[in-house]
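Text of data-v4.cif, listed as mmCIF, C-alpha atoms:
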```cif
data_run
#
loop_
_atom_site.label_atom_id
_atom_site.label_comp_id
_atom_site.auth_asym_id
_atom_site.auth_seq_id
_atom_site.Cartn_x
_atom_site.Cartn_y
_atom_site.Cartn_z
CA MET F 1 55.11 77.41 64.53
CA LYS F 2 52.33 79.74 63.45
CA GLU F 3 48.91 78.88 64.64
CA THR F 4 45.77 79.68 62.72
CA LEU F 5 42.36 79.47 64.33
CA ALA F 6 39.40 78.98 62.01
CA LEU F 7 35.63 78.72 62.13
CA GLU F 8 33.22 77.93 59.34
CA ILE F 9 29.52 78.71 59.71
CA PRO F 10 26.57 78.06 57.43
CA PRO F 11 25.19 81.22 55.84
CA LEU F 12 22.38 81.52 58.35
CA ALA F 13 21.51 84.50 60.54
CA GLU F 14 21.49 82.48 63.76
CA PHE F 15 25.21 81.73 63.41
CA VAL F 16 26.38 85.36 63.34
CA GLY F 17 26.60 85.38 67.14
CA ALA F 18 28.82 82.29 67.07
CA ALA F 19 31.14 84.10 64.66
CA ARG F 20 31.42 87.02 67.09
CA LEU F 21 32.15 84.72 70.00
CA PHE F 22 34.86 83.01 68.00
CA VAL F 23 36.59 86.18 66.89
CA GLY F 24 36.40 87.57 70.43
CA ALA F 25 38.00 84.51 71.97
CA ALA F 26 40.56 84.09 69.21
CA GLY F 27 41.44 87.78 69.29
CA ARG F 28 42.09 87.66 73.02
CA HIS F 29 44.10 84.48 72.54
CA PHE F 30 46.44 86.40 70.24
CA GLY F 31 46.65 89.40 72.55
CA VAL F 32 44.35 91.80 70.72
CA LYS F 33 43.44 94.75 72.94
CA GLU F 34 39.97 94.66 74.42
CA GLU F 35 38.81 97.83 72.65
CA THR F 36 39.97 96.39 69.34
CA VAL F 37 38.21 93.10 70.12
CA SER F 38 35.00 95.10 70.46
CA ASP F 39 35.51 96.72 67.07
CA LEU F 40 36.50 93.37 65.60
CA LYS F 41 33.19 91.89 66.71
CA ILE F 42 31.30 94.67 64.94
CA ALA F 43 33.35 94.20 61.76
CA VAL F 44 32.87 90.44 61.76
CA SER F 45 29.17 90.78 62.48
CA GLU F 46 28.82 93.17 59.55
CA ALA F 47 30.86 90.90 57.29
CA CYS F 48 28.84 87.81 58.15
CA THR F 49 25.60 89.77 57.74
CA GLY F 50 26.64 90.93 54.29
CA ALA F 51 27.82 87.46 53.24
CA ILE F 52 24.61 85.84 54.45
CA ALA F 53 22.47 88.47 52.74
CA ALA F 54 24.38 88.01 49.47
CA GLN F 55 24.05 84.26 49.76
CA ALA F 56 20.34 84.49 50.47
CA ALA F 57 19.84 86.81 47.51
CA GLN F 58 21.45 84.29 45.19
CA ASN F 59 20.53 80.89 46.55
CA GLY F 60 17.98 81.22 49.29
CA ASP F 61 18.59 81.08 53.03
CA GLY F 62 21.17 78.61 54.25
CA MET F 63 22.08 77.21 50.87
CA GLY F 64 25.52 77.32 49.33
CA ARG F 65 28.79 78.86 50.34
CA PRO F 66 29.60 78.88 54.07
CA VAL F 67 31.27 81.82 55.79
CA ARG F 68 34.81 81.08 56.90
CA LEU F 69 36.69 83.07 59.53
CA THR F 70 40.38 82.76 60.24
CA ILE F 71 42.64 84.58 62.64
CA SER F 72 46.38 84.11 62.71
CA PRO F 73 49.61 85.80 63.81
CA GLU F 74 51.76 87.13 60.99
CA ASP F 75 54.96 89.15 61.27
CA GLN F 76 54.26 91.21 64.40
CA SER F 77 50.60 91.51 63.55
CA VAL F 78 47.39 89.54 63.70
CA VAL F 79 45.41 88.94 60.53
CA VAL F 80 41.67 88.37 60.54
CA GLU F 81 39.91 87.17 57.40
CA VAL F 82 36.28 86.61 56.58
CA VAL F 83 35.50 84.77 53.35
CA GLY F 84 31.97 84.40 52.05
CA GLU F 85 29.76 84.96 49.07
CA ALA F 86 31.25 87.55 46.70
CA GLY F 87 29.54 90.88 46.58
CA PHE F 88 28.81 90.98 50.25
CA TRP F 89 30.72 94.24 50.57
CA ARG F 90 28.76 96.07 47.98
CA THR F 91 26.13 96.80 50.56
CA SER F 92 24.93 99.97 52.11
CA PRO F 93 26.89 103.22 52.12
CA MET F 94 27.24 105.00 55.45
CA GLU F 95 25.29 107.99 54.14
CA GLY F 96 22.23 105.77 53.99
CA ALA F 97 22.35 105.16 57.70
CA THR F 98 19.07 106.94 58.39
CA ASP F 99 17.15 104.81 55.90
CA PRO F 100 15.99 101.57 57.54
CA SER F 101 15.50 99.83 54.21
CA ILE F 102 19.16 100.45 53.36
CA LEU F 103 20.29 99.39 56.80
CA LYS F 104 18.34 96.15 56.70
CA ASN F 105 21.27 94.04 55.51
CA GLY F 106 23.90 95.90 57.47
CA LEU F 107 26.18 98.78 56.67
CA GLY F 108 28.94 96.44 55.56
CA LEU F 109 31.98 98.11 54.13
CA GLY F 110 31.13 101.62 55.30
CA LEU F 111 31.11 100.67 58.94
CA VAL F 112 34.08 98.32 58.70
CA GLU F 113 36.18 101.02 57.02
CA ALA F 114 35.18 103.47 59.72
CA LEU F 115 36.51 101.02 62.30
CA PHE F 116 39.48 99.71 60.31
CA PRO F 117 40.59 102.20 57.63
CA GLU F 118 43.14 99.75 56.22
CA ALA F 119 40.64 96.95 55.65
CA GLN F 120 41.19 95.10 52.39
CA ILE F 121 38.32 93.68 50.38
CA HIS F 122 38.82 91.40 47.41
CA ASP F 123 36.69 89.27 45.14
CA LEU F 124 38.39 85.90 44.70
CA HIS F 125 38.51 83.75 41.56
CA ASP F 126 36.20 81.11 42.95
CA GLY F 127 33.30 83.53 43.29
CA SER F 128 33.85 84.27 46.95
CA GLY F 129 34.74 87.58 48.56
CA ARG F 130 37.29 88.23 51.29
CA LEU F 131 37.67 90.83 53.99
CA ARG F 132 41.17 91.04 55.44
CA LEU F 133 42.00 93.05 58.55
CA THR F 134 45.58 93.38 59.68
CA LEU F 135 45.92 94.35 63.32
CA LYS F 136 49.24 96.02 64.02
CA ARG F 137 51.34 96.06 67.16
CA SER F 138 49.54 99.11 68.54
CA GLU F 139 46.31 97.11 68.57
CA LEU F 140 47.84 94.22 70.50
CA ASP F 141 48.35 93.92 74.24
CA SER F 142 51.21 91.52 74.16
CA MET F 143 53.54 90.08 71.58
CA SER F 144 54.17 86.92 73.60
CA GLU F 145 52.47 84.78 70.98
CA PHE F 146 55.12 85.89 68.49
CA SER F 147 58.20 85.91 70.63
CA SER F 148 58.10 82.28 71.63
CA ASP F 149 57.12 79.02 70.06
CA PRO F 150 55.26 76.58 72.33
CA LEU F 151 57.34 73.74 70.93
CA THR F 152 60.79 75.26 70.61
CA GLY F 153 60.74 78.10 73.17
CA PRO F 154 61.82 81.73 72.62
CA MET B 1 26.37 85.85 74.09
CA GLU B 2 22.80 85.62 75.33
CA ASP B 3 19.70 84.89 73.31
CA PHE B 4 17.86 88.05 72.45
CA GLU B 5 14.65 88.64 74.33
CA VAL B 6 12.16 91.41 74.94
CA ILE B 7 11.97 90.60 78.62
CA THR B 8 9.21 92.97 79.58
CA GLN B 9 6.99 95.67 78.25
CA GLU B 10 6.03 98.23 80.84
CA ALA B 11 3.59 101.04 80.26
CA ALA B 12 4.02 104.24 82.25
CA GLY B 13 1.83 107.16 81.38
CA ASP B 14 2.01 107.71 77.65
CA TRP B 15 5.20 105.70 77.44
CA THR B 16 5.90 102.06 76.78
CA PHE B 17 9.25 100.56 77.68
CA LEU B 18 10.72 97.62 75.85
CA VAL B 19 13.35 96.09 78.09
CA LEU B 20 15.72 94.04 75.98
CA SER B 21 18.38 91.48 76.75
CA GLY B 22 20.96 89.61 74.68
CA ASP B 23 22.59 90.49 71.37
CA ILE B 24 20.90 92.28 68.48
CA ASP B 25 22.08 91.20 65.05
CA LEU B 26 20.81 89.77 61.77
CA GLY B 27 19.24 86.84 63.57
CA THR B 28 17.47 88.80 66.29
CA ALA B 29 16.78 92.27 64.88
CA PRO B 30 13.48 91.11 63.33
CA LYS B 31 12.15 90.41 66.86
CA LEU B 32 12.97 93.95 67.92
CA ARG B 33 11.40 95.33 64.75
CA GLN B 34 8.28 93.29 65.43
CA ALA B 35 8.05 94.41 69.06
CA ILE B 36 8.24 98.06 68.01
CA LEU B 37 5.66 97.56 65.27
CA GLU B 38 3.28 95.91 67.73
CA CYS B 39 3.58 98.89 70.06
CA VAL B 40 2.83 101.38 67.31
CA ALA B 41 -0.02 99.24 65.95
CA SER B 42 -1.67 99.33 69.37
CA GLY B 43 -1.36 103.10 69.59
CA ARG B 44 1.63 103.19 71.94
CA ASN B 45 3.77 105.69 70.04
CA ASN B 46 6.14 106.87 72.76
CA ILE B 47 8.62 104.07 73.18
CA GLY B 48 11.65 103.76 75.43
CA ILE B 49 14.10 101.05 74.40
CA VAL B 50 15.95 99.92 77.53
CA LEU B 51 19.32 98.57 76.42
CA GLU B 52 20.96 97.97 79.78
CA LYS B 53 21.10 94.22 79.26
CA VAL B 54 21.99 94.27 75.58
CA GLY B 55 25.60 93.21 75.17
CA PHE B 56 26.02 93.78 71.45
CA MET B 57 24.31 95.49 68.55
CA ASP B 58 25.32 95.81 64.91
CA SER B 59 23.84 97.84 62.08
CA THR B 60 20.92 95.47 61.63
CA GLY B 61 19.83 96.45 65.14
CA LEU B 62 20.28 100.10 64.22
CA ALA B 63 18.00 99.48 61.24
CA ALA B 64 15.24 98.22 63.50
CA LEU B 65 15.63 101.26 65.74
CA VAL B 66 15.71 103.71 62.83
CA GLY B 67 12.56 102.08 61.49
CA GLY B 68 11.03 102.55 64.93
CA VAL B 69 11.92 106.24 64.97
CA LYS B 70 10.26 106.66 61.60
CA ARG B 71 7.08 104.83 62.63
CA THR B 72 6.70 106.63 65.95
CA LYS B 73 7.29 110.05 64.37
CA GLU B 74 4.67 109.31 61.73
CA ASN B 75 2.28 108.87 64.63
CA ASP B 76 3.41 111.96 66.55
CA GLY B 77 5.38 109.84 68.98
CA GLU B 78 9.00 109.39 69.93
CA LEU B 79 11.50 106.60 70.36
CA VAL B 80 14.33 107.00 72.83
CA LEU B 81 17.22 104.81 73.94
CA ILE B 82 17.96 104.17 77.58
CA LYS B 83 21.31 103.06 78.96
CA PRO B 84 23.11 101.74 75.88
CA ASN B 85 26.54 100.29 76.61
CA GLU B 86 29.78 101.73 75.24
CA GLN B 87 29.76 99.48 72.16
CA ILE B 88 26.30 100.68 71.15
CA ARG B 89 27.17 104.31 71.87
CA ARG B 90 30.24 103.93 69.66
CA LEU B 91 28.13 102.46 66.88
CA LEU B 92 25.65 105.33 67.14
CA HIS B 93 28.51 107.82 67.00
CA LEU B 94 30.23 106.16 64.02
CA THR B 95 27.03 106.18 62.02
CA ASP B 96 25.98 109.68 63.12
CA LEU B 97 22.78 108.18 64.43
CA ASP B 98 23.45 109.70 67.84
CA LYS B 99 21.97 112.82 66.25
CA ILE B 100 18.56 111.27 65.74
CA PHE B 101 18.22 109.13 68.89
CA PRO B 102 17.64 110.80 72.23
CA VAL B 103 19.79 108.76 74.64
CA TYR B 104 19.20 108.67 78.40
CA ASP B 105 21.20 107.04 81.15
CA SER B 106 18.09 105.96 83.04
CA VAL B 107 14.31 106.08 83.04
CA SER B 108 14.60 108.65 85.85
CA GLU B 109 16.61 110.92 83.60
CA LEU B 110 13.97 110.57 80.91
CA ALA B 111 11.31 111.42 83.51
CA SER B 112 13.20 114.51 84.62
CA SER B 113 13.35 115.80 81.06
CA GLY B 114 9.74 116.98 81.16
CA ILE B 115 6.57 115.30 79.92
CA GLN B 116 7.84 111.88 80.76
CA PRO B 117 6.53 108.96 82.77
CA ASN B 118 6.70 108.28 86.46
CA PRO B 119 9.85 106.16 86.84
CA GLN B 120 8.31 104.40 89.84
CA GLU B 121 5.96 102.69 87.40
CA VAL B 122 8.75 101.11 85.43
CA GLU B 123 10.77 98.16 86.55
CA VAL B 124 13.91 97.95 84.50
CA GLY B 125 15.77 94.70 84.30
CA ARG B 126 13.13 92.56 85.90
#
```
As structure tokens, the full file:
Amino acid sequence: MKETLALEIPPLAEFVGAARLFVGAAGRHFGVKEETVSDLKIAVSEACTGAIAAQAAQNGDGMGRPVRLTISPEDQSVVVEVVGEAGFWRTSPMEGATDPSILKNGLGLGLVEALFPEAQIHDLHDGSGRLRLTLKRSELDSMSEFSSDPLTGP
Amino acid sequence: MEDFEVITQEAAGDWTFLVLSGDIDLGTAPKLRQAILECVASGRNNIGIVLEKVGFMDSTGLAALVGGVKRTKENDGELVLIKPNEQIRRLLHLTDLDKIFPVYDSVSELASSGIQPNPQEVEVGR
């Protein structure tokens, strides 16, 4: 039985830390290596920042679409998704990193792609946007979560 | 995750040290930005940001620091980072910002670099 862990936060700055805690704990639960957990926290923090900034730009702080995080095992890998207001990835390019006004809402895609070159970003039909990170075997400590089912055994 | 806090501001010679704790992100970076601005507004333009107790920083924290570099340089001062953890060092490296921030492992190292403060006057991590 595949297990998916999920967290939904309101699009408010004070919940970004909760998102990081969740992805850290969930990542470790699925055997993600500690160094990858650290990068995952940065990516999720950037994603939530971008989603919250996009939401605030459209609707005002805290109103509208929540940010949803999921993490689940899939075919010898672990998939992490962040879904929030569409457009949250069209934020700052990395080359603007020395300009504080550009950095204000996070580096978004530039930094995430530096950490996870195979990151996938899509706008969805319902007006939301999705970041999808697929962590492969080399980024996982243990495959025990995949080799046995807690209900049926190995 | 700890709440972000500027736990002390210590002046030593021409330098002011902001000793931070907690995480720096979208929710807390404005406090850091404000603390730096207050220093510069009161004429304290050489600022050491002590990061020993900061567990996490994302690019919104970098923005506050880059803004601080800009403000201090405009006033013939300097902003340096002291004892960032591996996560923050990695972030600085990924964004190439390690080229604009002087990074020191301790206040003593900063002091030994030349015109710097007396480290005895600074209590880090109080």
Take CA of Gln58 (chain F) and CA of Glu8 (chain F) and report the distance between them in Å, one decimal.
-> 19.5 Å
Contact residues (chain B, partner chain F, 8 Å, all atoms listed in the file) as a PyMOL selection string = chain B and resi 1+23+25-28+57-60+62-64+66-67+87+94-97
Which residues match the PyMOL selection byres ((chain B and resi 83) around 10) in the file above, as a PyMOL selection string?
-> chain B and resi 49-54+81-82+84-86+88-89+103-107
Students should find that CA of Glu74 (chain B) and CA of Gly55 (chain B) are spaced 29.6 Å
One-decimal distance in Å that lies between CA of Thr36 (chain F) and CA of Ser138 (chain F) |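 Separation of CA of Ser138 (chain F) and CA of Thr36 (chain F): 10.0 Å.
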